[in-house]
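This is structure.cif. It holds mmCIF, C-alpha atoms.
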data_coords
loop_
_atom_site.label_atom_id
_atom_site.label_comp_id
_atom_site.auth_asym_id
_atom_site.auth_seq_id
_atom_site.Cartn_x
_atom_site.Cartn_y
_atom_site.Cartn_z
CA MET A 1 -30.36 5.06 31.53
CA ALA A 2 -30.45 8.79 31.17
CA THR A 3 -27.71 10.81 29.53
CA LYS A 4 -26.28 13.60 31.66
CA VAL A 5 -24.56 16.64 30.23
CA SER A 6 -22.06 18.43 32.44
CA SER A 7 -21.26 22.13 32.18
CA LEU A 8 -17.78 21.33 30.87
CA PHE A 9 -19.23 19.08 28.20
CA ALA A 10 -21.88 21.68 27.36
CA GLY A 11 -19.15 24.27 26.88
CA LYS A 12 -17.33 22.01 24.46
CA VAL A 13 -20.51 21.32 22.52
CA LEU A 14 -21.19 25.05 22.31
CA ALA A 15 -17.65 25.70 21.07
CA GLU A 16 -18.18 23.18 18.27
CA LEU A 17 -21.50 24.75 17.32
CA LYS A 18 -19.88 28.17 17.13
CA LYS A 19 -17.07 26.75 15.02
CA CYS A 20 -19.77 25.59 12.59
CA GLY A 21 -21.35 29.05 12.52
CA ILE A 22 -24.62 27.91 14.02
CA THR A 23 -26.90 30.93 14.54
CA HIS A 24 -29.98 29.35 16.15
CA ILE A 25 -30.76 26.21 18.15
CA VAL A 26 -34.36 25.14 17.77
CA TRP A 27 -35.06 22.87 20.68
CA LEU A 28 -37.14 21.21 23.29
CA PRO A 29 -35.38 20.77 26.62
CA HIS A 30 -35.16 17.33 28.13
CA SER A 31 -34.15 16.22 31.56
CA GLU A 32 -30.59 15.42 30.56
CA ASN A 33 -29.55 18.65 28.83
CA LYS A 34 -30.14 21.27 31.52
CA ALA A 35 -26.47 22.32 31.48
CA MET A 36 -26.62 22.72 27.71
CA TYR A 37 -29.64 25.00 28.05
CA GLU A 38 -27.95 27.19 30.64
CA THR A 39 -24.71 27.35 28.67
CA VAL A 40 -26.39 28.37 25.42
CA LEU A 41 -28.68 30.81 27.21
CA ARG A 42 -25.64 32.64 28.64
CA ASP A 43 -24.07 32.91 25.19
CA ALA A 44 -25.16 35.87 23.13
CA GLY A 45 -23.89 34.38 19.88
CA ILE A 46 -26.55 31.72 19.41
CA THR A 47 -30.30 32.26 19.69
CA LEU A 48 -32.40 29.61 21.41
CA VAL A 49 -35.79 28.96 19.84
CA PRO A 50 -37.93 26.92 22.24
CA VAL A 51 -40.80 24.83 20.85
CA CYS A 52 -43.85 23.09 22.31
CA ARG A 53 -43.27 19.78 20.49
CA GLU A 54 -40.37 18.35 18.58
CA GLY A 55 -42.28 18.21 15.30
CA GLU A 56 -41.97 22.00 15.14
CA CYS A 57 -38.16 21.93 15.16
CA ILE A 58 -37.58 20.89 11.55
CA PRO A 59 -40.01 23.36 9.90
CA ILE A 60 -38.76 26.23 12.06
CA ALA A 61 -35.18 25.31 11.20
CA ALA A 62 -36.20 25.06 7.53
CA GLY A 63 -37.61 28.59 7.67
CA LEU A 64 -34.50 29.91 9.37
CA TRP A 65 -32.30 28.19 6.80
CA MET A 66 -34.35 29.49 3.88
CA GLY A 67 -34.08 32.95 5.41
CA GLY A 68 -30.30 32.77 5.29
CA LYS A 69 -29.51 31.60 8.83
CA ASN A 70 -27.64 28.53 9.97
CA PRO A 71 -29.77 26.63 12.49
CA ALA A 72 -29.35 23.33 14.33
CA ILE A 73 -32.00 21.40 16.22
CA MET A 74 -31.65 19.76 19.60
CA HIS A 75 -34.02 17.38 21.37
CA GLN A 76 -34.25 13.88 22.76
CA SER A 77 -34.52 10.70 20.71
CA THR A 78 -38.15 10.38 21.75
CA GLY A 79 -38.75 13.67 19.94
CA LEU A 80 -37.12 12.30 16.82
CA PHE A 81 -39.78 9.59 16.74
CA GLU A 82 -42.48 12.21 17.26
CA ALA A 83 -41.11 14.46 14.51
CA GLY A 84 -41.13 11.81 11.80
CA ASP A 85 -43.31 13.53 9.21
CA SER A 86 -41.37 16.80 9.47
CA ILE A 87 -38.14 14.90 8.93
CA ARG A 88 -39.57 13.10 5.92
CA GLY A 89 -41.51 15.91 4.28
CA LEU A 90 -39.08 18.77 4.86
CA ALA A 91 -35.60 17.75 5.99
CA LEU A 92 -35.28 14.80 3.62
CA ASP A 93 -37.57 15.72 0.72
CA MET A 94 -36.25 19.30 0.61
CA GLN A 95 -32.64 18.13 1.07
CA LEU A 96 -31.88 20.40 3.99
CA SER A 97 -28.30 20.52 5.25
CA LEU A 98 -29.28 20.32 8.89
CA LEU A 99 -27.37 19.42 12.04
CA MET A 100 -29.53 17.42 14.46
CA LEU A 101 -28.29 17.03 18.04
CA ILE A 102 -30.21 14.13 19.49
CA GLY A 103 -30.08 13.16 23.16
CA ALA A 104 -29.71 9.37 23.06
CA ARG A 105 -31.93 8.41 25.98
CA GLY A 106 -31.14 5.04 27.46
CA TRP A 107 -27.99 4.53 25.42
CA PRO A 108 -26.36 1.39 26.88
CA THR A 109 -22.95 1.78 28.47
CA PRO A 110 -20.94 -0.75 30.51
CA GLY A 111 -22.23 -0.97 34.07
CA SER A 112 -25.22 1.23 33.46
CA PRO A 113 -28.27 0.58 35.67
CA PRO A 114 -31.59 -0.66 34.21
CA SER A 115 -33.69 1.97 32.49
CA PRO A 116 -36.22 3.61 34.80
CA TYR A 117 -38.44 4.19 31.75
CA SER A 118 -39.16 0.55 31.02
CA TRP A 119 -40.68 -2.49 32.74
CA ASN A 120 -37.78 -4.69 31.57
CA GLY A 121 -34.96 -2.24 32.19
CA ILE A 122 -34.28 -1.76 28.48
CA ASP A 123 -35.20 1.66 27.11
CA SER A 124 -36.88 1.20 23.74
CA ALA A 125 -35.95 4.83 22.94
CA ALA A 126 -32.40 3.51 22.53
CA THR A 127 -33.44 0.24 20.88
CA TYR A 128 -35.18 1.87 17.94
CA LEU A 129 -33.00 4.96 17.46
CA ILE A 130 -30.38 3.62 15.05
CA PRO A 131 -32.78 1.44 13.02
CA ILE A 132 -35.06 4.42 12.46
CA LEU A 133 -32.21 6.73 11.46
CA ASP A 134 -30.94 4.03 9.11
CA ALA A 135 -34.40 3.58 7.61
CA TRP A 136 -34.45 7.29 6.76
CA GLY A 137 -30.89 7.17 5.49
CA ILE A 138 -29.80 9.75 8.07
CA LYS A 139 -26.10 9.42 8.87
CA HIS A 140 -25.25 9.58 12.55
CA HIS A 141 -22.24 10.31 14.72
CA LEU A 142 -21.93 9.26 18.34
CA VAL A 143 -20.60 11.43 21.15
CA THR A 144 -20.07 9.63 24.45
CA ASN A 145 -17.49 11.88 26.15
CA GLU A 146 -15.84 15.30 26.09
CA ASN A 147 -13.13 14.11 23.76
CA GLU A 148 -15.60 13.23 21.02
CA THR A 149 -17.34 16.60 20.61
CA GLY A 150 -15.36 17.11 17.38
CA GLN A 151 -17.93 14.74 15.87
CA ILE A 152 -20.30 17.70 15.83
CA THR A 153 -18.17 19.60 13.33
CA SER A 154 -17.70 16.43 11.28
CA ALA A 155 -21.47 15.92 11.17
CA TYR A 156 -22.03 19.55 10.23
CA LYS A 157 -19.60 19.31 7.33
CA GLU A 158 -21.21 16.07 6.20
CA ALA A 159 -24.63 17.75 6.20
CA GLN A 160 -23.25 20.57 4.06
CA THR A 161 -21.58 18.32 1.52
CA THR A 162 -24.43 15.81 1.22
CA SER A 163 -27.37 18.27 1.43
CA ARG A 164 -29.03 16.04 3.99
CA PRO A 165 -29.75 16.15 7.70
CA VAL A 166 -27.04 14.49 9.79
CA ALA A 167 -27.56 13.43 13.42
CA VAL A 168 -25.19 13.63 16.34
CA LEU A 169 -26.26 11.26 19.09
CA ILE A 170 -25.32 12.70 22.47
CA ALA A 171 -24.88 9.72 24.77
CA LYS A 172 -22.57 11.12 27.36
CA GLU A 173 -22.88 9.89 30.93
CA MET B 1 -68.83 34.16 5.07
CA ILE B 2 -65.93 35.15 2.84
CA ASP B 3 -65.07 33.27 -0.33
CA SER B 4 -61.54 31.96 0.24
CA MET B 5 -60.35 33.00 -3.21
CA GLU B 6 -61.65 36.52 -2.63
CA ALA B 7 -59.92 36.67 0.74
CA ILE B 8 -56.69 35.56 -0.87
CA LYS B 9 -56.98 38.28 -3.51
CA VAL B 10 -57.35 40.89 -0.75
CA ILE B 11 -54.19 39.59 0.94
CA SER B 12 -52.35 39.54 -2.38
CA MET B 13 -53.23 43.18 -3.08
CA ALA B 14 -51.88 44.18 0.33
CA ARG B 15 -48.79 42.00 0.57
CA GLY B 16 -46.20 44.45 -0.77
CA GLU B 17 -42.78 42.77 -0.59
CA ALA B 18 -43.84 40.28 2.06
CA ILE B 19 -42.77 36.64 2.00
CA VAL B 20 -45.86 34.41 1.83
CA VAL B 21 -45.93 30.84 3.17
CA THR B 22 -48.95 28.74 2.20
CA THR B 23 -50.16 25.17 2.56
CA MET B 24 -52.77 22.73 1.26
CA THR B 25 -55.75 24.35 -0.56
CA ALA B 26 -54.50 27.87 0.22
CA LYS B 27 -51.28 27.01 -1.58
CA ASN B 28 -53.19 26.26 -4.77
CA GLU B 29 -55.44 29.32 -4.53
CA TRP B 30 -52.58 31.65 -3.62
CA HIS B 31 -50.65 30.55 -6.67
CA GLN B 32 -53.41 32.02 -8.86
CA ALA B 33 -53.45 35.36 -7.08
CA SER B 34 -49.79 35.98 -6.30
CA THR B 35 -47.92 38.72 -8.13
CA HIS B 36 -44.54 37.94 -6.47
CA ARG B 37 -44.09 34.21 -6.83
CA GLU B 38 -40.39 34.48 -6.15
CA LEU B 39 -41.31 35.45 -2.58
CA ASP B 40 -43.81 32.61 -2.13
CA PHE B 41 -43.18 29.28 -0.51
CA GLY B 42 -45.87 26.63 -0.58
CA ILE B 43 -45.58 23.53 1.59
CA SER B 44 -46.61 20.49 -0.38
CA GLY B 45 -45.94 17.38 1.64
CA ALA B 46 -45.82 18.22 5.32
CA MET B 47 -49.31 19.23 6.42
CA SER B 48 -49.57 21.65 9.35
CA LYS B 49 -46.05 23.01 9.17
CA ALA B 50 -46.75 26.36 7.45
CA SER B 51 -47.02 28.22 10.75
CA SER B 52 -43.71 26.82 11.98
CA LEU B 53 -41.82 27.39 8.72
CA GLY B 54 -43.20 30.92 8.40
CA PHE B 55 -42.15 31.58 11.99
CA GLY B 56 -38.60 30.49 11.16
CA LEU B 57 -38.54 32.82 8.17
CA ALA B 58 -39.87 35.68 10.29
CA LEU B 59 -37.05 35.17 12.80
CA ALA B 60 -34.47 35.01 10.02
CA GLN B 61 -35.73 38.10 8.21
CA PRO B 62 -37.00 40.48 10.91
CA ASN B 63 -37.07 43.49 8.58
CA ARG B 64 -39.40 41.87 6.08
CA LYS B 65 -43.07 40.99 6.61
CA VAL B 66 -43.85 37.28 6.59
CA ILE B 67 -47.41 36.20 5.85
CA ILE B 68 -48.64 32.68 6.64
CA ILE B 69 -51.83 31.44 5.00
CA ASP B 70 -52.88 28.39 7.00
CA GLY B 71 -55.93 26.16 7.06
CA ASP B 72 -58.00 25.33 10.13
CA GLY B 73 -57.33 21.60 9.70
CA SER B 74 -53.62 22.29 9.35
CA LEU B 75 -53.47 24.55 12.37
CA LEU B 76 -55.34 21.98 14.48
CA MET B 77 -52.45 19.59 13.77
CA ASN B 78 -49.92 22.12 15.08
CA LEU B 79 -51.77 24.18 17.68
CA GLY B 80 -48.69 24.43 19.87
CA SER B 81 -47.12 26.59 17.17
CA LEU B 82 -49.38 29.45 18.34
CA VAL B 83 -47.64 29.39 21.71
CA THR B 84 -44.20 28.89 20.16
CA ILE B 85 -44.74 31.93 17.92
CA ALA B 86 -46.16 34.10 20.71
CA ASN B 87 -43.20 33.25 22.93
CA MET B 88 -40.70 34.95 20.59
CA ALA B 89 -43.31 37.32 19.19
CA PRO B 90 -41.85 38.30 15.81
CA ALA B 91 -43.35 41.70 15.01
CA ASN B 92 -43.16 41.00 11.27
CA LEU B 93 -45.40 37.93 11.28
CA ILE B 94 -49.03 37.88 10.09
CA HIS B 95 -50.83 34.56 10.40
CA PHE B 96 -54.03 34.09 8.40
CA VAL B 97 -56.22 31.01 8.82
CA ILE B 98 -58.83 30.03 6.26
CA GLU B 99 -61.50 28.49 8.48
CA ASN B 100 -63.81 26.36 6.36
CA GLY B 101 -64.56 23.72 8.99
CA ILE B 102 -63.49 20.87 6.74
CA TYR B 103 -60.52 19.06 5.27
CA ARG B 104 -61.21 20.33 1.77
CA ILE B 105 -58.19 18.68 0.23
CA THR B 106 -59.31 15.20 1.31
CA GLY B 107 -62.94 15.52 0.26
CA GLY B 108 -64.66 17.73 2.80
CA GLN B 109 -64.68 15.71 6.01
CA PRO B 110 -65.40 17.95 9.04
CA THR B 111 -62.50 18.95 11.28
CA PRO B 112 -62.86 17.97 14.97
CA ASN B 113 -65.36 20.23 16.73
CA SER B 114 -65.88 21.95 13.41
CA ARG B 115 -67.06 25.59 13.53
CA LYS B 116 -67.04 25.56 17.34
CA VAL B 117 -63.35 26.19 17.87
CA ASN B 118 -62.57 29.88 18.38
CA PHE B 119 -59.23 30.21 16.58
CA SER B 120 -58.86 33.94 17.12
CA ALA B 121 -59.37 33.44 20.87
CA LEU B 122 -56.78 30.65 20.87
CA ALA B 123 -54.26 32.96 19.20
CA ARG B 124 -55.06 35.89 21.45
CA ASP B 125 -54.81 33.83 24.61
CA SER B 126 -51.60 32.21 23.35
CA GLY B 127 -50.09 35.69 23.31
CA TYR B 128 -50.36 37.07 19.76
CA ALA B 129 -50.19 40.87 19.85
CA HIS B 130 -53.38 41.18 17.75
CA SER B 131 -56.11 38.74 16.81
CA TYR B 132 -59.06 39.18 14.49
CA GLU B 133 -61.95 37.24 13.04
CA PHE B 134 -63.81 38.22 9.89
CA ASP B 135 -66.87 36.75 8.22
CA ASP B 136 -67.69 39.84 6.15
CA PRO B 137 -65.62 40.62 3.05
CA ALA B 138 -66.08 44.39 3.33
CA ALA B 139 -64.97 44.42 6.98
CA PHE B 140 -61.87 42.42 6.08
CA GLN B 141 -61.09 44.67 3.14
CA GLY B 142 -61.48 47.71 5.38
CA LYS B 143 -59.01 46.43 7.96
CA ILE B 144 -56.31 44.83 5.79
CA LYS B 145 -54.07 47.92 5.60
CA ASN B 146 -53.98 48.23 9.37
CA ILE B 147 -53.36 44.47 9.75
CA MET B 148 -50.39 44.67 7.42
CA GLU B 149 -48.86 47.76 8.97
CA GLN B 150 -49.12 47.22 12.72
CA PRO B 151 -46.41 45.35 14.64
CA GLY B 152 -47.37 41.73 15.22
CA PRO B 153 -47.48 38.89 15.61
CA THR B 154 -50.98 39.24 14.21
CA PHE B 155 -53.55 36.48 13.74
CA VAL B 156 -56.52 36.69 11.37
CA CYS B 157 -59.22 34.04 11.17
CA LEU B 158 -61.23 34.22 7.95
CA LYS B 159 -64.60 32.46 8.12
CA CYS B 160 -65.11 30.79 4.75
CA PRO B 161 -67.85 28.49 3.41
CA SER B 162 -67.44 24.72 3.62
CA ILE B 163 -66.93 23.64 0.03
CA SER B 164 -66.35 19.91 -0.23
CA GLU B 165 -65.14 19.89 -3.82
CA ARG B 166 -61.43 20.27 -4.24
CA SER B 167 -60.26 23.66 -5.44
CA PRO B 168 -59.96 23.74 -9.24
CA HIS B 169 -56.68 25.61 -8.84
CA LYS B 170 -53.34 23.85 -8.93
CA SER B 171 -49.80 24.82 -8.02
CA PRO B 172 -46.48 23.12 -8.62
CA ALA B 173 -45.00 20.91 -5.91
CA THR B 174 -42.15 22.41 -3.93
CA SER B 175 -38.71 21.11 -4.84
CA PRO B 176 -35.26 21.18 -3.19
CA ASP B 177 -34.22 23.62 -5.92
CA SER B 178 -36.96 26.05 -4.94
CA VAL B 179 -35.78 25.91 -1.32
CA ARG B 180 -32.21 26.71 -2.36
CA LYS B 181 -33.35 29.46 -4.69
CA PHE B 182 -35.28 30.98 -1.81
CA ARG B 183 -32.24 30.94 0.49
CA LYS B 184 -30.07 32.56 -2.15
CA MET B 185 -32.20 35.70 -1.95
CA PHE B 186 -31.02 36.20 1.63
CA ILE B 187 -27.34 35.23 1.68
#
Now that the file is in, can you turn its structure into structure tokens?
Amino acid sequence: MATKVSSLFAGKVLAELKKCGITHIVWLPHSENKAMYETVLRDAGITLVPVCREGECIPIAAGLWMGGKNPAIMHQSTGLFEAGDSIRGLALDMQLSLLMLIGARGWPTPGSPPSPYSWNGIDSAATYLIPILDAWGIKHHLVTNENETGQITSAYKEAQTTSRPVAVLIAKE
Amino acid sequence: MIDSMEAIKVISMARGEAIVVTTMTAKNEWHQASTHRELDFGISGAMSKASSLGFGLALAQPNRKVIIIDGDGSLLMNLGSLVTIANMAPANLIHFVIENGIYRITGGQPTPNSRKVNFSALARDSGYAHSYEFDDPAAFQGKIKNIMEQPGPTFVCLKCPSISERSPHKSPATSPDSVRKFRKMFI
């Protein structure tokens, strides 16, 4: 099942990011975060940095961070799998305090229809997400509705205090 | 062909106060030539990411030149970064590629389609403001001032010999402390 981000939700996410002082979002759009893209694009306070593949997000964010900025990254869980060596070699090994907003594709919710991405209706992008984050020791926070967007600020603070990347899994219907 | 160490010395002489991001063999060779190591960042354990990290630095510090010294094998792993960089077109970014046609750091195996890929054309057609290719040391030396001064992003492919032996030069591995020290210069 796909996550869908409404404009209202996107506005709340943006407000949290601004509260954290995020200056740049390095990202690859995915089908579920169109509203987020449009909301951030309209806002002059945060710069969007589009990439061609998710593996670019971490090193670009690392460069921004080293240059004194305060970036976050945003892409789908599938991109997290693709970006593995950047996460290992830069975000983890260099102990970057980095907020990662990850679209949790296929996240199971009560009554959700079978995944259109899989022959058996179960999206393996959701199946492997938590085990892989756990294997890397990346803490994660879950956001499933508008009332939980405060998790973004909590994750940001955790990244700052632990000097590690922290993920926020966006699984809102 | 241009000896890679000689090319790196030419870049070092022209760098001024530029930040320099290096990777793989270029990281080791640059360490010997650099006169501003506090402004250098070498990527040790994440091959191919120099172009992306340098791009991030260029966006963060638009009033300072950022030089990337990449390898052809590294860039082949991250070719999309050419398009990503051209899209935002930081004028302060200069992207050098040492093209030796091999993975020198792993023993000299040829890169895919070695010596047939036109890197400067790839950069130009991706949208870099300027793109060059040099195989003559004097020609490169004669153009370096202009390369450094003009608004970019600028791409420079340096045709170097295929030397299978690992570079005798070494450089220290990057640490979390070095990353933090780097950031402190800018906040």
For Ser163 in chain A, the closest of A:His30, A:His24, A:Lys139, A:Lys12 counting all atoms listed in the file is A:Lys139
When the PyMOL selection byres ((chain B) within 9 of (chain A)) is applied to the file above, which residues end up in the set, as a compact mmCIF listing (two decimals) with C-alpha atoms, keeping the file's coordinate frame?
# COMPACT_ATOMS: atom_id res chain seq x y z
CA ILE B 43 -45.58 23.53 1.59
CA SER B 44 -46.61 20.49 -0.38
CA GLY B 45 -45.94 17.38 1.64
CA ALA B 46 -45.82 18.22 5.32
CA MET B 47 -49.31 19.23 6.42
CA LYS B 49 -46.05 23.01 9.17
CA ALA B 50 -46.75 26.36 7.45
CA SER B 51 -47.02 28.22 10.75
CA SER B 52 -43.71 26.82 11.98
CA LEU B 53 -41.82 27.39 8.72
CA GLY B 54 -43.20 30.92 8.40
CA PHE B 55 -42.15 31.58 11.99
CA GLY B 56 -38.60 30.49 11.16
CA LEU B 57 -38.54 32.82 8.17
CA ALA B 58 -39.87 35.68 10.29
CA LEU B 59 -37.05 35.17 12.80
CA ALA B 60 -34.47 35.01 10.02
CA GLN B 61 -35.73 38.10 8.21
CA ASN B 78 -49.92 22.12 15.08
CA GLY B 80 -48.69 24.43 19.87
CA SER B 81 -47.12 26.59 17.17
CA VAL B 83 -47.64 29.39 21.71
CA THR B 84 -44.20 28.89 20.16
CA ILE B 85 -44.74 31.93 17.92
CA ASN B 87 -43.20 33.25 22.93
CA MET B 88 -40.70 34.95 20.59
CA THR B 174 -42.15 22.41 -3.93
CA SER B 175 -38.71 21.11 -4.84
CA PRO B 176 -35.26 21.18 -3.19
CA ASP B 177 -34.22 23.62 -5.92
CA SER B 178 -36.96 26.05 -4.94
CA VAL B 179 -35.78 25.91 -1.32
CA ARG B 180 -32.21 26.71 -2.36
CA LYS B 181 -33.35 29.46 -4.69
CA PHE B 182 -35.28 30.98 -1.81
CA ARG B 183 -32.24 30.94 0.49
CA LYS B 184 -30.07 32.56 -2.15
CA MET B 185 -32.20 35.70 -1.95
CA PHE B 186 -31.02 36.20 1.63
CA ILE B 187 -27.34 35.23 1.68
Which residues are close to Gly108 in chain B, i.e. within 12 Å by only C-alpha atoms, leaving aside same-chain residues fewer than 5 positions away? Reply as a PyMOL selection string. chain B and resi 25+73+100-103+114+161-167
Give me the residues within 9 Å of Ile67 in chain B as number ranges by chain, counting all atoms listed in the file and dropping any in the same chain fewer than 3 places off. B: 15, 18-22, 54, 58, 92-96
Please compute the CA of Glu6 in chain B-CA of Tyr132 in chain B distance, one decimal, in Å.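 Those two atoms sit 17.5 Å apart.
Here CA of Pro172 in chain B stands at a distance of 18.1 Å from CA of Thr106 in chain B.
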Could you expand the PyMOL selection byres ((chain A and resi 17) around 12) into the explicit residues it covers here, written as a PyMOL selection string? chain A and resi 10-16+18-25+36+40+43+45-47+70-74+99-101+149-157+168
Would you mind listing what lies within 10 Å of Phe140 in chain B as a count of residues only, with only C-alpha atoms counted and same-chain residues fewer than 5 positions away left out? 12
I need the residue set behind the PyMOL selection byres ((chain A and resi 130-132) around 12) for this file; please write it as a ChimeraX atom specification. /A:77-78,80-84,87-88,102,104,107,124-129,133-142,167-169
Grab the CA of Gly152 in chain B to CA of His130 in chain B distance for me, in Å with one decimal place. 6.5 Å
Set the distance at 7 Å and use all atoms listed in the file: which residues neighbour Thr144 in chain A once local chain neighbours fewer than 5 positions away are removed? I'd like the list as a ChimeraX atom specification. /A:170-172
Taking the block above, write range 73-117 of chain A with C-alpha atoms as a short mmCIF file (atom, residue, chain, number, x, y, z; two decimals), in the first residue's frame.
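This is the output file decode-v8.cif:
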data_model
loop_
_atom_site.label_atom_id
_atom_site.label_comp_id
_atom_site.auth_asym_id
_atom_site.auth_seq_id
_atom_site.Cartn_x
_atom_site.Cartn_y
_atom_site.Cartn_z
CA ILE A 73 17.20 14.04 3.37
CA MET A 74 13.89 12.77 2.07
CA HIS A 75 13.17 9.74 -0.11
CA GLN A 76 11.32 6.45 -0.14
CA SER A 77 12.34 3.33 1.75
CA THR A 78 13.40 1.74 -1.53
CA GLY A 79 15.98 4.51 -1.82
CA LEU A 80 17.27 3.72 1.65
CA PHE A 81 18.11 0.22 0.44
CA GLU A 82 19.80 1.68 -2.64
CA ALA A 83 21.81 4.18 -0.58
CA GLY A 84 23.36 1.61 1.75
CA ASP A 85 27.04 2.32 1.17
CA SER A 86 26.58 6.08 1.57
CA ILE A 87 24.79 5.48 4.85
CA ARG A 88 27.54 3.17 6.06
CA GLY A 89 30.60 5.01 4.80
CA LEU A 90 29.53 8.59 5.50
CA ALA A 91 26.47 8.96 7.74
CA LEU A 92 27.49 6.24 10.20
CA ASP A 93 31.28 6.15 9.95
CA MET A 94 31.53 9.96 10.02
CA GLN A 95 28.91 10.21 12.80
CA LEU A 96 26.71 12.71 11.00
CA SER A 97 23.78 14.18 12.93
CA LEU A 98 21.34 13.77 10.08
CA LEU A 99 17.56 13.74 9.90
CA MET A 100 16.29 11.19 7.38
CA LEU A 101 12.65 11.40 6.29
CA ILE A 102 11.81 8.05 4.78
CA GLY A 103 8.56 7.33 2.96
CA ALA A 104 7.51 3.94 4.34
CA ARG A 105 6.14 2.34 1.20
CA GLY A 106 3.70 -0.45 1.84
CA TRP A 107 3.50 0.16 5.57
CA PRO A 108 0.67 -2.11 6.80
CA THR A 109 -2.37 -0.44 8.32
CA PRO A 110 -5.72 -1.97 9.32
CA GLY A 111 -7.93 -2.53 6.29
CA SER A 112 -5.28 -1.61 3.79
CA PRO A 113 -5.55 -3.25 0.35
CA PRO A 114 -2.89 -5.67 -0.95
CA SER A 115 0.28 -4.05 -2.24
CA PRO A 116 0.20 -3.38 -5.97
CA TYR A 117 4.00 -3.77 -6.00
#
